[in-house]
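> coords_9.cif (mmCIF, C-alpha atoms) pasted underneath:
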```
data_model
#
loop_
_atom_site.label_atom_id
_atom_site.label_comp_id
_atom_site.auth_asym_id
_atom_site.auth_seq_id
_atom_site.Cartn_x
_atom_site.Cartn_y
_atom_site.Cartn_z
CA MET A 1 4.62 24.25 5.42
CA ASP A 2 4.85 20.86 3.72
CA SER A 3 7.68 19.26 5.69
CA LEU A 4 6.61 20.68 9.03
CA GLU A 5 4.34 19.11 11.62
CA ALA A 6 2.19 21.05 14.11
CA VAL A 7 3.45 20.35 17.64
CA GLY A 8 1.98 23.07 19.84
CA LYS A 9 0.50 26.52 20.26
CA VAL A 10 1.66 29.59 22.19
CA SER A 11 -1.04 30.18 24.80
CA LYS A 12 0.09 33.03 27.07
CA ALA A 13 2.93 35.13 28.42
CA PHE A 14 4.54 34.07 31.69
CA GLY A 15 7.01 36.42 33.35
CA ARG A 16 8.75 39.65 32.45
CA ASN A 17 11.62 38.41 30.32
CA GLY A 18 9.74 37.01 27.34
CA GLU A 19 8.79 33.65 28.84
CA LEU A 20 5.76 31.95 27.30
CA ILE A 21 3.56 28.99 28.07
CA ILE A 22 2.91 26.71 25.11
CA ASN A 23 0.31 23.98 24.85
CA LEU A 24 1.97 20.82 23.54
CA TYR A 25 0.17 18.58 21.07
CA ASP A 26 0.51 14.79 21.15
CA THR A 27 2.93 15.15 18.22
CA PHE A 28 5.49 17.04 20.33
CA PRO A 29 8.55 14.81 20.86
CA GLU A 30 9.42 13.64 24.37
CA ASP A 31 13.02 14.80 24.05
CA CYS A 32 13.14 18.40 22.83
CA ASP A 33 16.45 19.33 21.16
CA LEU A 34 17.22 22.97 21.96
CA LYS A 35 19.44 23.17 18.87
CA GLU A 36 16.51 22.53 16.53
CA PRO A 37 14.20 25.49 15.95
CA LEU A 38 10.45 25.47 16.23
CA PHE A 39 8.69 27.25 13.37
CA ALA A 40 5.74 29.65 13.39
CA SER A 41 3.72 30.66 10.36
CA VAL A 42 3.93 34.43 9.91
CA ASP A 43 2.47 35.89 6.71
CA ALA A 44 2.51 32.36 5.18
CA LEU A 45 6.26 32.04 5.84
CA ALA A 46 7.84 29.48 8.16
CA VAL A 47 9.78 31.61 10.64
CA PRO A 48 12.35 29.70 12.75
CA LEU A 49 12.23 30.31 16.50
CA PHE A 50 15.27 29.15 18.45
CA LEU A 51 14.76 28.07 22.05
CA ASP A 52 16.87 29.59 24.82
CA ARG A 53 14.84 27.79 27.48
CA PHE A 54 12.46 24.83 27.52
CA GLU A 55 10.89 23.35 30.66
CA ARG A 56 8.05 20.86 30.53
CA ARG A 57 5.13 21.65 32.81
CA GLY A 58 3.26 18.38 32.99
CA THR A 59 2.51 16.45 29.82
CA THR A 60 0.64 19.12 27.87
CA ASN A 61 2.46 22.40 28.64
CA ALA A 62 5.93 23.87 28.60
CA LEU A 63 7.57 27.09 29.73
CA VAL A 64 9.76 28.44 26.91
CA GLN A 65 11.83 31.44 26.03
CA PHE A 66 12.82 32.10 22.44
CA ALA A 67 16.03 33.82 21.37
CA ASP A 68 15.48 37.52 20.53
CA PHE A 69 12.11 37.55 22.34
CA ASP A 70 13.38 38.80 25.70
CA THR A 71 10.65 41.29 26.62
CA GLN A 72 6.95 40.95 27.39
CA GLU A 73 6.12 43.06 24.33
CA ARG A 74 8.19 40.96 21.91
CA ALA A 75 6.90 37.68 23.36
CA ALA A 76 3.29 38.92 23.08
CA GLU A 77 3.71 38.90 19.27
CA LEU A 78 3.82 35.09 19.40
CA ILE A 79 0.69 34.47 21.49
CA GLY A 80 -1.84 32.44 19.54
CA LEU A 81 0.63 31.19 16.94
CA GLU A 82 0.82 27.49 16.16
CA LEU A 83 4.29 25.96 16.40
CA PHE A 84 5.80 23.40 14.04
CA LEU A 85 8.81 21.06 13.94
CA ARG A 86 10.51 19.60 10.91
CA THR A 87 9.26 16.11 10.23
CA ASP A 88 11.70 13.32 10.96
CA GLU A 89 14.06 11.98 8.33
CA ALA A 90 11.99 8.85 7.77
CA ASP A 91 9.22 10.99 6.29
CA GLU A 92 11.74 12.88 4.16
CA GLU A 93 13.17 9.61 2.84
CA GLU A 94 9.74 8.68 1.48
CA ASN A 95 9.98 11.75 -0.77
CA LEU A 96 13.52 11.01 -1.96
CA ILE A 97 14.00 10.46 -5.65
CA TYR A 98 16.80 8.19 -6.79
CA LEU A 99 18.55 8.95 -10.06
CA GLU A 100 17.50 5.61 -11.56
CA ASP A 101 13.86 6.59 -10.85
CA LEU A 102 14.19 9.30 -13.51
CA VAL A 103 14.32 6.76 -16.38
CA GLY A 104 11.29 7.48 -18.56
CA PHE A 105 11.21 11.22 -17.78
CA SER A 106 11.09 13.72 -20.66
CA ALA A 107 14.27 15.79 -20.83
CA THR A 108 14.89 19.32 -22.06
CA PHE A 109 18.04 21.39 -22.15
CA ASP A 110 18.26 25.08 -21.24
CA GLY A 111 19.14 27.25 -24.24
CA CYS A 112 18.42 24.50 -26.75
CA SER A 113 15.30 23.22 -28.51
CA LEU A 114 16.48 19.60 -28.24
CA ARG A 115 14.03 17.32 -26.39
CA GLY A 116 14.43 13.72 -25.42
CA GLU A 117 13.66 10.97 -22.95
CA ILE A 118 15.85 9.43 -20.28
CA THR A 119 16.13 5.83 -21.46
CA GLY A 120 18.76 4.55 -19.07
CA PHE A 121 20.97 5.21 -16.09
CA ILE A 122 24.61 4.16 -15.81
CA ASP A 123 25.47 3.84 -12.14
CA SER A 124 29.16 4.53 -11.75
CA GLU A 125 30.80 5.85 -8.58
CA GLN A 126 33.13 8.15 -10.52
CA ASN A 127 30.68 9.45 -13.12
CA PRO A 128 27.02 8.33 -13.07
CA LEU A 129 25.33 9.11 -16.38
CA PHE A 130 21.86 9.45 -17.83
CA GLU A 131 21.30 7.89 -21.24
CA ILE A 132 18.98 10.24 -23.11
CA THR A 133 17.49 9.45 -26.50
CA ALA A 134 16.81 12.64 -28.46
CA GLU A 135 16.00 12.86 -32.17
CA GLY A 136 17.25 9.31 -32.72
CA ARG A 137 20.59 9.93 -31.02
CA GLU A 138 21.85 8.64 -27.69
CA ILE A 139 23.24 11.40 -25.48
CA LEU A 140 25.18 10.75 -22.28
CA VAL A 141 24.64 13.43 -19.63
CA PRO A 142 26.36 13.48 -16.24
CA ALA A 143 23.83 12.64 -13.51
CA ALA A 144 24.80 15.56 -11.28
CA GLU A 145 22.37 17.56 -9.16
CA GLU A 146 23.99 20.86 -10.11
CA LEU A 147 23.12 20.26 -13.79
CA ILE A 148 19.39 19.79 -13.08
CA THR A 149 17.51 23.10 -13.23
CA ALA A 150 13.95 21.79 -12.90
CA LEU A 151 12.33 18.52 -11.90
CA ASP A 152 8.59 17.84 -11.97
CA THR A 153 7.82 14.35 -10.74
CA ASP A 154 4.10 14.68 -11.45
CA ALA A 155 4.64 15.71 -15.08
CA ARG A 156 7.68 13.38 -15.30
CA THR A 157 9.88 16.10 -16.79
CA ILE A 158 13.43 17.19 -16.10
CA ALA A 159 15.41 20.17 -17.41
CA PHE A 160 19.18 20.33 -17.60
CA SER A 161 21.60 23.22 -17.83
CA LEU A 162 24.73 21.73 -19.36
CA PRO A 163 28.21 23.23 -19.62
CA GLU A 164 28.87 24.97 -22.92
CA GLY A 165 29.99 22.56 -25.60
CA LEU A 166 28.73 19.35 -24.00
CA LEU A 167 25.80 18.94 -26.41
CA ASP A 168 27.93 19.98 -29.42
CA LEU A 169 29.23 16.41 -29.56
CA TYR A 170 25.72 15.19 -30.34
CA LEU A 171 24.34 17.93 -32.59
#
```
Could you express the structure from this file as C-alpha coordinates?

Amino acid sequence: MDSLEAVGKVSKAFGRNGELIINLYDTFPEDCDLKEPLFASVDALAVPLFLDRFERRGTTNALVQFADFDTQERAAELIGLELFLRTDEADEEENLIYLEDLVGFSATFDGCSLRGEITGFIDSEQNPLFEITAEGREILVPAAEELITALDTDARTIAFSLPEGLLDLYL
(Lines of atoms letter the chains of each structure in order from A and count residues from 1; the text may use other names and numbers.)
(Lines give C-alpha, C1' and ligand atoms only; values in the text may rest on other atoms or scores of the structure.)
Protein backbone atom coordinates (compact mmCIF):
# COMPACT_ATOMS: atom_id res chain seq x y z
CA MET A 1 0.00 0.00 0.00
CA ASP A 2 2.66 2.46 -1.12
CA SER A 3 0.55 5.56 -1.77
CA LEU A 4 -1.75 5.03 1.19
CA GLU A 5 -1.39 6.40 4.70
CA ALA A 6 -2.77 4.73 7.84
CA VAL A 7 -5.46 6.97 9.35
CA GLY A 8 -7.42 4.78 11.77
CA LYS A 9 -8.55 1.37 12.94
CA VAL A 10 -11.99 -0.22 13.21
CA SER A 11 -12.47 -0.88 16.92
CA LYS A 12 -16.02 -2.18 17.47
CA ALA A 13 -19.55 -2.52 16.18
CA PHE A 14 -22.09 0.07 17.27
CA GLY A 15 -25.75 -0.49 16.45
CA ARG A 16 -27.75 -2.95 14.37
CA ASN A 17 -27.35 -1.51 10.90
CA GLY A 18 -23.64 -1.97 10.34
CA GLU A 19 -22.43 1.09 12.25
CA LEU A 20 -18.86 0.93 13.53
CA ILE A 21 -16.65 2.94 15.84
CA ILE A 22 -13.21 3.70 14.43
CA ASN A 23 -10.22 5.02 16.33
CA LEU A 24 -8.74 7.95 14.41
CA TYR A 25 -4.98 8.41 14.19
CA ASP A 26 -3.36 11.86 14.21
CA THR A 27 -2.99 11.48 10.43
CA PHE A 28 -6.77 11.48 9.87
CA PRO A 29 -7.75 14.73 8.11
CA GLU A 30 -9.99 17.23 9.92
CA ASP A 31 -12.40 17.45 6.99
CA CYS A 32 -13.43 13.97 5.87
CA ASP A 33 -14.67 13.84 2.25
CA LEU A 34 -17.43 11.22 2.02
CA LYS A 35 -16.75 10.86 -1.71
CA GLU A 36 -13.23 9.56 -1.11
CA PRO A 37 -13.00 5.94 0.03
CA LEU A 38 -11.04 4.65 2.97
CA PHE A 39 -9.03 1.52 2.23
CA ALA A 40 -8.55 -1.65 4.26
CA SER A 41 -5.90 -4.28 3.64
CA VAL A 42 -7.58 -7.62 2.95
CA ASP A 43 -5.36 -10.48 1.78
CA ALA A 44 -2.64 -7.91 0.92
CA LEU A 45 -5.05 -6.02 -1.37
CA ALA A 46 -6.21 -2.45 -0.81
CA VAL A 47 -10.00 -2.76 -0.68
CA PRO A 48 -11.91 0.55 -1.03
CA LEU A 49 -14.61 1.20 1.56
CA PHE A 50 -17.05 3.98 0.72
CA LEU A 51 -18.60 5.91 3.59
CA ASP A 52 -22.37 6.29 3.83
CA ARG A 53 -22.09 7.97 7.22
CA PHE A 54 -19.31 9.67 9.17
CA GLU A 55 -19.75 11.41 12.53
CA ARG A 56 -16.82 12.47 14.67
CA ARG A 57 -17.05 11.45 18.31
CA GLY A 58 -14.50 13.66 19.99
CA THR A 59 -11.03 14.01 18.51
CA THR A 60 -10.00 10.35 18.42
CA ASN A 61 -13.15 8.44 17.41
CA ALA A 62 -15.83 8.44 14.75
CA LEU A 63 -19.09 6.62 14.12
CA VAL A 64 -19.14 5.33 10.53
CA GLN A 65 -21.21 3.21 8.24
CA PHE A 66 -19.74 1.82 5.05
CA ALA A 67 -21.71 1.17 1.87
CA ASP A 68 -22.66 -2.52 1.49
CA PHE A 69 -21.96 -3.21 5.18
CA ASP A 70 -25.51 -2.72 6.46
CA THR A 71 -25.79 -5.58 8.94
CA GLN A 72 -24.03 -6.41 12.20
CA GLU A 73 -22.58 -9.56 10.61
CA ARG A 74 -21.13 -7.76 7.58
CA ALA A 75 -19.73 -4.92 9.70
CA ALA A 76 -18.10 -7.42 12.09
CA GLU A 77 -15.82 -8.51 9.19
CA LEU A 78 -14.10 -5.12 9.43
CA ILE A 79 -13.39 -5.05 13.17
CA GLY A 80 -9.66 -4.87 13.83
CA LEU A 81 -8.74 -3.72 10.33
CA GLU A 82 -6.51 -0.70 9.87
CA LEU A 83 -7.88 2.00 7.58
CA PHE A 84 -5.93 4.01 5.02
CA LEU A 85 -6.42 7.12 2.88
CA ARG A 86 -4.68 8.02 -0.34
CA THR A 87 -1.79 10.37 0.32
CA ASP A 88 -2.29 13.94 -0.82
CA GLU A 89 -1.24 15.12 -4.25
CA ALA A 90 1.85 16.88 -2.93
CA ASP A 91 3.35 13.50 -2.02
CA GLU A 92 2.38 12.10 -5.42
CA GLU A 93 4.05 15.04 -7.18
CA GLU A 94 7.35 14.13 -5.53
CA ASN A 95 7.19 10.81 -7.40
CA LEU A 96 6.33 12.37 -10.76
CA ILE A 97 8.75 11.81 -13.58
CA TYR A 98 9.03 14.45 -16.27
CA LEU A 99 9.82 13.36 -19.82
CA GLU A 100 13.04 15.38 -19.87
CA ASP A 101 14.17 13.42 -16.78
CA LEU A 102 14.39 10.31 -18.96
CA VAL A 103 17.46 11.61 -20.86
CA GLY A 104 20.27 9.15 -20.15
CA PHE A 105 17.96 6.13 -19.78
CA SER A 106 18.69 2.97 -21.78
CA ALA A 107 15.97 2.29 -24.35
CA THR A 108 14.70 -0.95 -25.85
CA PHE A 109 11.94 -1.61 -28.34
CA ASP A 110 9.40 -4.43 -28.10
CA GLY A 111 9.80 -6.97 -30.90
CA CYS A 112 13.22 -5.67 -31.90
CA SER A 113 16.79 -6.30 -30.73
CA LEU A 114 17.72 -2.63 -31.21
CA ARG A 115 19.02 -0.95 -28.04
CA GLY A 116 19.93 2.64 -27.46
CA GLU A 117 20.09 5.56 -25.06
CA ILE A 118 17.85 8.58 -24.78
CA THR A 119 20.24 11.42 -25.57
CA GLY A 120 17.80 14.30 -25.82
CA PHE A 121 14.25 15.53 -25.46
CA ILE A 122 12.51 17.88 -27.88
CA ASP A 123 9.77 19.69 -26.01
CA SER A 124 7.07 20.59 -28.50
CA GLU A 125 3.40 21.09 -27.63
CA GLN A 126 2.22 19.32 -30.78
CA ASN A 127 4.69 16.43 -30.81
CA PRO A 128 7.29 16.06 -28.04
CA LEU A 129 10.04 13.66 -29.08
CA PHE A 130 12.81 11.61 -27.53
CA GLU A 131 16.14 11.63 -29.34
CA ILE A 132 17.53 8.11 -29.04
CA THR A 133 21.00 7.13 -30.19
CA ALA A 134 21.11 3.46 -31.20
CA GLU A 135 23.90 1.75 -33.13
CA GLY A 136 25.31 5.12 -34.22
CA ARG A 137 21.97 6.38 -35.55
CA GLU A 138 19.71 9.06 -34.15
CA ILE A 139 16.10 7.91 -33.83
CA LEU A 140 13.21 10.24 -33.06
CA VAL A 141 10.44 8.59 -31.02
CA PRO A 142 7.21 10.30 -29.99
CA ALA A 143 7.27 10.99 -26.24
CA ALA A 144 3.81 9.54 -25.60
CA GLU A 145 2.81 7.60 -22.50
CA GLU A 146 0.88 5.03 -24.53
CA LEU A 147 4.11 4.01 -26.35
CA ILE A 148 5.98 3.27 -23.10
CA THR A 149 5.52 -0.35 -22.01
CA ALA A 150 7.97 -0.43 -19.10
CA LEU A 151 9.85 2.14 -17.05
CA ASP A 152 12.35 1.32 -14.31
CA THR A 153 13.70 4.47 -12.71
CA ASP A 154 16.12 2.56 -10.48
CA ALA A 155 17.70 0.67 -13.39
CA ARG A 156 17.26 3.76 -15.63
CA THR A 157 15.66 1.72 -18.42
CA ILE A 158 12.64 2.32 -20.62
CA ALA A 159 10.91 0.04 -23.13
CA PHE A 160 8.81 1.23 -26.03
CA SER A 161 6.17 -0.45 -28.14
CA LEU A 162 6.13 1.50 -31.38
CA PRO A 163 3.58 1.41 -34.20
CA GLU A 164 4.52 -0.94 -37.01
CA GLY A 165 6.84 0.68 -39.52
CA LEU A 166 8.09 3.53 -37.32
CA LEU A 167 11.55 2.00 -36.78
CA ASP A 168 11.80 0.90 -40.44
CA LEU A 169 12.91 4.44 -41.29
CA TYR A 170 16.02 3.94 -39.16
CA LEU A 171 16.94 0.31 -39.83
> Running the PyMOL selection byres ((chain A and resi 134) around 10) on this model by hand, what would come out? Give it as JSON, numbers by chain.
{"A": [106, 107, 108, 114, 115, 116, 117, 118, 119, 131, 132, 133, 135, 136, 137, 138, 139, 170]}
> In Å, rounded to a single decimal, give me how far atom CA of Leu83 of chain A is from atom CA of Ala40 of chain A.
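Separation between atom CA of Ala40 of chain A and atom CA of Leu83 of chain A: 5.0 Å.
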> If the PyMOL selection byres ((chain A and resi 23) around 6) is run on the structure shown, which residues does it catch, given as a VMD selection string?
chain A and resid 8 to 9 22 24 60 to 61
> Quick check on the file I pasted: which residues fall under the PyMOL selection byres ((chain A and resi 103) around 7)? Write them as an MDAnalysis selection string.
chainID A and resid 100:102 104:105 118:121
> For Asn17 of chain A, which residue out of A:Thr149, A:Gln72, A:Gln126, A:Ser113 is the nearest one, using only C-alpha atoms?
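Result for the nearest residue to Asn17 of chain A: A:Gln72.
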> Looking at A:Glu30, A:Glu36, A:Asp43, A:Asp110, which one is nearest to Ile148 of chain A, with distances taken over only C-alpha atoms?
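The shortest atom-to-atom distance to Ile148 of chain A comes from A:Asp110.
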> Just checking: using all atoms listed in the file, which residue out of A:Thr27, A:Thr157, A:Thr59, A:Ser11 ends up closest to Glu82 of chain A?
A:Ser11
> Which residues are close to Ile79 of chain A, i.e. within 8 Å by only C-alpha atoms, leaving aside same-chain residues fewer than 6 positions away? Reply as an NGL selection string.
:A and (10-13)
> For the atom pair atom CA of Phe28 of chain A and atom CA of Val7 of chain A, what is the interatomic distance in Å to one decimal place?
4.7 Å
> Which one is closest to Leu20 of chain A: A:Lys35, A:Phe66, A:Glu5, A:Leu49? Count all atoms listed in the file.
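Of A:Lys35, A:Phe66, A:Glu5, A:Leu49, the one nearest Leu20 of chain A is A:Phe66, counting all atoms listed in the file.
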> Mind listing as a PyMOL selection string all residues within 7 Å of (12.7, 30.0, 23.9), counting only C-alpha atoms?
chain A and resi 50-54+64-67
> Box for segment 60-74 of chain A - axis-aligned, 5 Å on each of the six sides, all listed atoms - centre and size in Å to one decimal, as lines of an AutoDock Vina configuration file.

```
center_x = 8.3
center_y = 31.1
center_z = 25.1
size_x = 25.4
size_y = 33.9
size_z = 19.2
```
> If I take atom CA of Thr71 of chain A and atom CA of Gly15 of chain A, how far is one from the other in Å, to one decimal?
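These atoms are spaced 9.1 Å apart.
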> What residues have an atom no more than 12 Å from (-0.6, 20.7, 7.2) in the file's own frame, counting only C-alpha atoms, and can you write them as a PyMOL selection string?
chain A and resi 1-7+41+82-87
> Identify which of the residues A:Gly111, A:Glu55, A:Phe130, A:Val42 lies closest to Glu164 of chain A, counting all atoms listed in the file when measuring atom-to-atom distances.
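The answer is A:Gly111, which sits nearest to Glu164 of chain A.
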> Would you please work out which residue, of A:Asp68, A:Asp33, A:Ile122, A:Asp154, is nearest to Pro142 of chain A when using only C-alpha atoms?
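Checking each candidate against Pro142 of chain A, we get A:Ile122 as the closest.
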> For segment 1-12 of chain A, supply all heavy atoms and format the output as a PDB file, in the coordinates of the input.

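Below is the file that was written, selection.pdb:
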```
ATOM      1  N   MET A   1       3.714  24.862   4.486  1.00  0.00           N
ATOM      2  CA  MET A   1       4.620  24.250   5.420  1.00  0.00           C
ATOM      3  C   MET A   1       4.587  22.733   5.251  1.00  0.00           C
ATOM      4  O   MET A   1       4.246  21.996   6.154  1.00  0.00           O
ATOM      5  CB  MET A   1       4.243  24.623   6.837  1.00  0.00           C
ATOM      6  CG  MET A   1       4.425  26.046   7.170  1.00  0.00           C
ATOM      7  SD  MET A   1       4.411  26.141   8.931  1.00  0.00           S
ATOM      8  CE  MET A   1       4.205  27.839   9.183  1.00  0.00           C
ATOM      9  N   ASP A   2       4.964  22.259   4.080  1.00  0.00           N
ATOM     10  CA  ASP A   2       4.850  20.860   3.720  1.00  0.00           C
ATOM     11  C   ASP A   2       5.592  19.927   4.657  1.00  0.00           C
ATOM     12  O   ASP A   2       5.041  18.941   5.114  1.00  0.00           O
ATOM     13  CB  ASP A   2       5.388  20.638   2.317  1.00  0.00           C
ATOM     14  CG  ASP A   2       4.846  21.626   1.318  1.00  0.00           C
ATOM     15  OD1 ASP A   2       4.345  22.685   1.716  1.00  0.00           O
ATOM     16  OD2 ASP A   2       4.928  21.330   0.146  1.00  0.00           O
ATOM     17  N   SER A   3       6.875  20.192   4.922  1.00  0.00           N
ATOM     18  CA  SER A   3       7.680  19.260   5.690  1.00  0.00           C
ATOM     19  C   SER A   3       7.683  19.586   7.178  1.00  0.00           C
ATOM     20  O   SER A   3       8.568  19.183   7.896  1.00  0.00           O
ATOM     21  CB  SER A   3       9.098  19.232   5.149  1.00  0.00           C
ATOM     22  OG  SER A   3       9.689  20.505   5.323  1.00  0.00           O
ATOM     23  N   LEU A   4       6.705  20.324   7.619  1.00  0.00           N
ATOM     24  CA  LEU A   4       6.610  20.680   9.030  1.00  0.00           C
ATOM     25  C   LEU A   4       5.364  20.061   9.636  1.00  0.00           C
ATOM     26  O   LEU A   4       4.350  19.919   8.964  1.00  0.00           O
ATOM     27  CB  LEU A   4       6.585  22.200   9.204  1.00  0.00           C
ATOM     28  CG  LEU A   4       7.798  22.973   8.696  1.00  0.00           C
ATOM     29  CD1 LEU A   4       7.572  24.469   8.852  1.00  0.00           C
ATOM     30  CD2 LEU A   4       9.058  22.558   9.420  1.00  0.00           C
ATOM     31  N   GLU A   5       5.463  19.714  10.916  1.00  0.00           N
ATOM     32  CA  GLU A   5       4.340  19.110  11.620  1.00  0.00           C
ATOM     33  C   GLU A   5       3.960  19.984  12.808  1.00  0.00           C
ATOM     34  O   GLU A   5       4.826  20.421  13.562  1.00  0.00           O
ATOM     35  CB  GLU A   5       4.751  17.719  12.094  1.00  0.00           C
ATOM     36  CG  GLU A   5       3.675  16.985  12.840  1.00  0.00           C
ATOM     37  CD  GLU A   5       4.111  15.576  13.222  1.00  0.00           C
ATOM     38  OE1 GLU A   5       5.313  15.299  13.326  1.00  0.00           O
ATOM     39  OE2 GLU A   5       3.205  14.756  13.435  1.00  0.00           O
ATOM     40  N   ALA A   6       2.672  20.243  12.978  1.00  0.00           N
ATOM     41  CA  ALA A   6       2.190  21.050  14.110  1.00  0.00           C
ATOM     42  C   ALA A   6       2.456  20.299  15.401  1.00  0.00           C
ATOM     43  O   ALA A   6       2.116  19.120  15.526  1.00  0.00           O
ATOM     44  CB  ALA A   6       0.711  21.347  13.951  1.00  0.00           C
ATOM     45  N   VAL A   7       3.095  21.002  16.374  1.00  0.00           N
ATOM     46  CA  VAL A   7       3.450  20.350  17.640  1.00  0.00           C
ATOM     47  C   VAL A   7       2.965  21.101  18.874  1.00  0.00           C
ATOM     48  O   VAL A   7       3.084  20.599  19.987  1.00  0.00           O
ATOM     49  CB  VAL A   7       4.979  20.113  17.744  1.00  0.00           C
ATOM     50  CG1 VAL A   7       5.448  19.119  16.694  1.00  0.00           C
ATOM     51  CG2 VAL A   7       5.741  21.413  17.656  1.00  0.00           C
ATOM     52  N   GLY A   8       2.437  22.312  18.687  1.00  0.00           N
ATOM     53  CA  GLY A   8       1.980  23.070  19.840  1.00  0.00           C
ATOM     54  C   GLY A   8       1.458  24.430  19.460  1.00  0.00           C
ATOM     55  O   GLY A   8       1.429  24.798  18.284  1.00  0.00           O
ATOM     56  N   LYS A   9       1.039  25.189  20.491  1.00  0.00           N
ATOM     57  CA  LYS A   9       0.500  26.520  20.260  1.00  0.00           C
ATOM     58  C   LYS A   9       0.884  27.404  21.446  1.00  0.00           C
ATOM     59  O   LYS A   9       0.806  26.979  22.597  1.00  0.00           O
ATOM     60  CB  LYS A   9      -1.021  26.457  20.130  1.00  0.00           C
ATOM     61  CG  LYS A   9      -1.664  27.749  19.716  1.00  0.00           C
ATOM     62  CD  LYS A   9      -3.135  27.550  19.423  1.00  0.00           C
ATOM     63  CE  LYS A   9      -3.721  28.815  18.845  1.00  0.00           C
ATOM     64  NZ  LYS A   9      -5.084  28.608  18.393  1.00  0.00           N
ATOM     65  N   VAL A  10       1.305  28.633  21.139  1.00  0.00           N
ATOM     66  CA  VAL A  10       1.660  29.590  22.190  1.00  0.00           C
ATOM     67  C   VAL A  10       0.363  30.051  22.834  1.00  0.00           C
ATOM     68  O   VAL A  10      -0.514  30.591  22.164  1.00  0.00           O
ATOM     69  CB  VAL A  10       2.455  30.784  21.617  1.00  0.00           C
ATOM     70  CG1 VAL A  10       2.802  31.773  22.723  1.00  0.00           C
ATOM     71  CG2 VAL A  10       3.707  30.317  20.889  1.00  0.00           C
ATOM     72  N   SER A  11       0.239  29.844  24.162  1.00  0.00           N
ATOM     73  CA  SER A  11      -1.040  30.180  24.800  1.00  0.00           C
ATOM     74  C   SER A  11      -1.006  31.493  25.569  1.00  0.00           C
ATOM     75  O   SER A  11      -1.966  32.249  25.502  1.00  0.00           O
ATOM     76  CB  SER A  11      -1.510  29.047  25.696  1.00  0.00           C
ATOM     77  OG  SER A  11      -0.608  28.856  26.765  1.00  0.00           O
ATOM     78  N   LYS A  12       0.094  31.782  26.306  1.00  0.00           N
ATOM     79  CA  LYS A  12       0.090  33.030  27.070  1.00  0.00           C
ATOM     80  C   LYS A  12       1.508  33.390  27.512  1.00  0.00           C
ATOM     81  O   LYS A  12       2.404  32.555  27.516  1.00  0.00           O
ATOM     82  CB  LYS A  12      -0.819  32.919  28.293  1.00  0.00           C
ATOM     83  CG  LYS A  12      -0.392  31.860  29.301  1.00  0.00           C
ATOM     84  CD  LYS A  12      -1.377  31.776  30.452  1.00  0.00           C
ATOM     85  CE  LYS A  12      -0.968  30.670  31.413  1.00  0.00           C
ATOM     86  NZ  LYS A  12      -1.869  30.582  32.550  1.00  0.00           N
TER      87      LYS A  12
END
```
